[in-house]
Amino acid sequence: MPIVTLQQLKDHLKITHSNEDSDLELKLQQACGLVLTYLKRTDLGSPMPDDVSTIVPSELTPLELAVVQAAILKVAGNFDRFRGDELEGENPSTQEFLTSDIRGILSMLRDPALA
């Protein structure tokens, strides 16, 4: 079972149909990759596995899982909401890799960068 399922993302986005499932699956994989790469979690595999969907929730503590799920849902939600056709300044994620609220969520789990 992946860290965040397609159904969890659809529930988060309040999507009840399956018309966008393949697009949402892609966004979910991308969000997972971004979040786990940002965390630099070598205990989840070093280097990070090519397919982040192979990382199973049991490799995370319950607290870590909740935090990582929240971040992945927010990133995937941003991918769904901001598709590149919005007006300049409407997309908060164009200014930075991950928005500050998502980085804040993940800060307690991130391994510090090595100097």
# chains A, B, ... in the order shown; residues from 1 in each chain; ligands from 1
call {"tool": "residues_around", "arguments": {"residues": "range 59-70 of chain A", "least_positions_apart": "3", "cutoff": "7 Å", "atoms": "only C-alpha atoms", "output": "PyMOL selection string"}}
result
chain A and resi 3-4+56+73-74+105-106
call {"tool": "write_last_selection", "arguments": {"atoms": "C-alpha atoms", "output": "PDB file, in the first residue's frame"}}
result
ATOM      1  CA  ILE A   3       1.980   6.257   1.520  1.00  0.00           C
ATOM      2  CA  VAL A   4      -0.997   8.110  -0.005  1.00  0.00           C
ATOM      3  CA  VAL A  56       5.488   1.445   2.343  1.00  0.00           C
ATOM      4  CA  LEU A  73      -1.698  15.807  -0.196  1.00  0.00           C
ATOM      5  CA  LYS A  74      -0.889  19.539  -0.113  1.00  0.00           C
ATOM      6  CA  ILE A 105       5.051  20.712   7.934  1.00  0.00           C
ATOM      7  CA  LEU A 106       8.133  18.716   6.962  1.00  0.00           C
TER       8      LEU A 106
END
call {"tool": "closest_residue", "arguments": {"among": "A:Ala76, A:Val35, A:Ile102, A:Leu6", "to": "Asp21 in chain A", "atoms": "only C-alpha atoms"}}
result
A:Leu6
call {"tool": "atom_distance", "arguments": {"atom1": "CA of Gly77 in chain A", "atom2": "CA of Ala31 in chain A"}}
result
9.0 Å
call {"tool": "atom_distance", "arguments": {"atom1": "CA of Leu9 in chain A", "atom2": "CA of Leu109 in chain A"}}
result
21.7 Å
call {"tool": "residues_around", "arguments": {"residues": "Leu34 in chain A", "least_positions_apart": "2", "cutoff": "12 Å", "atoms": "only C-alpha atoms", "output": "list in words"}}
result
Lys27, Leu28, Gln29, Gln30, Ala31, Cys32, Leu36, Thr37, Tyr38, Leu39, Lys40, Arg41, Met48, Val52, Val68, Ala71, Ile72, Leu73, Lys74, Val75, Ala76, Phe79, Phe97, Leu98, Thr99, Ile102, Arg103 and Leu106 of chain A
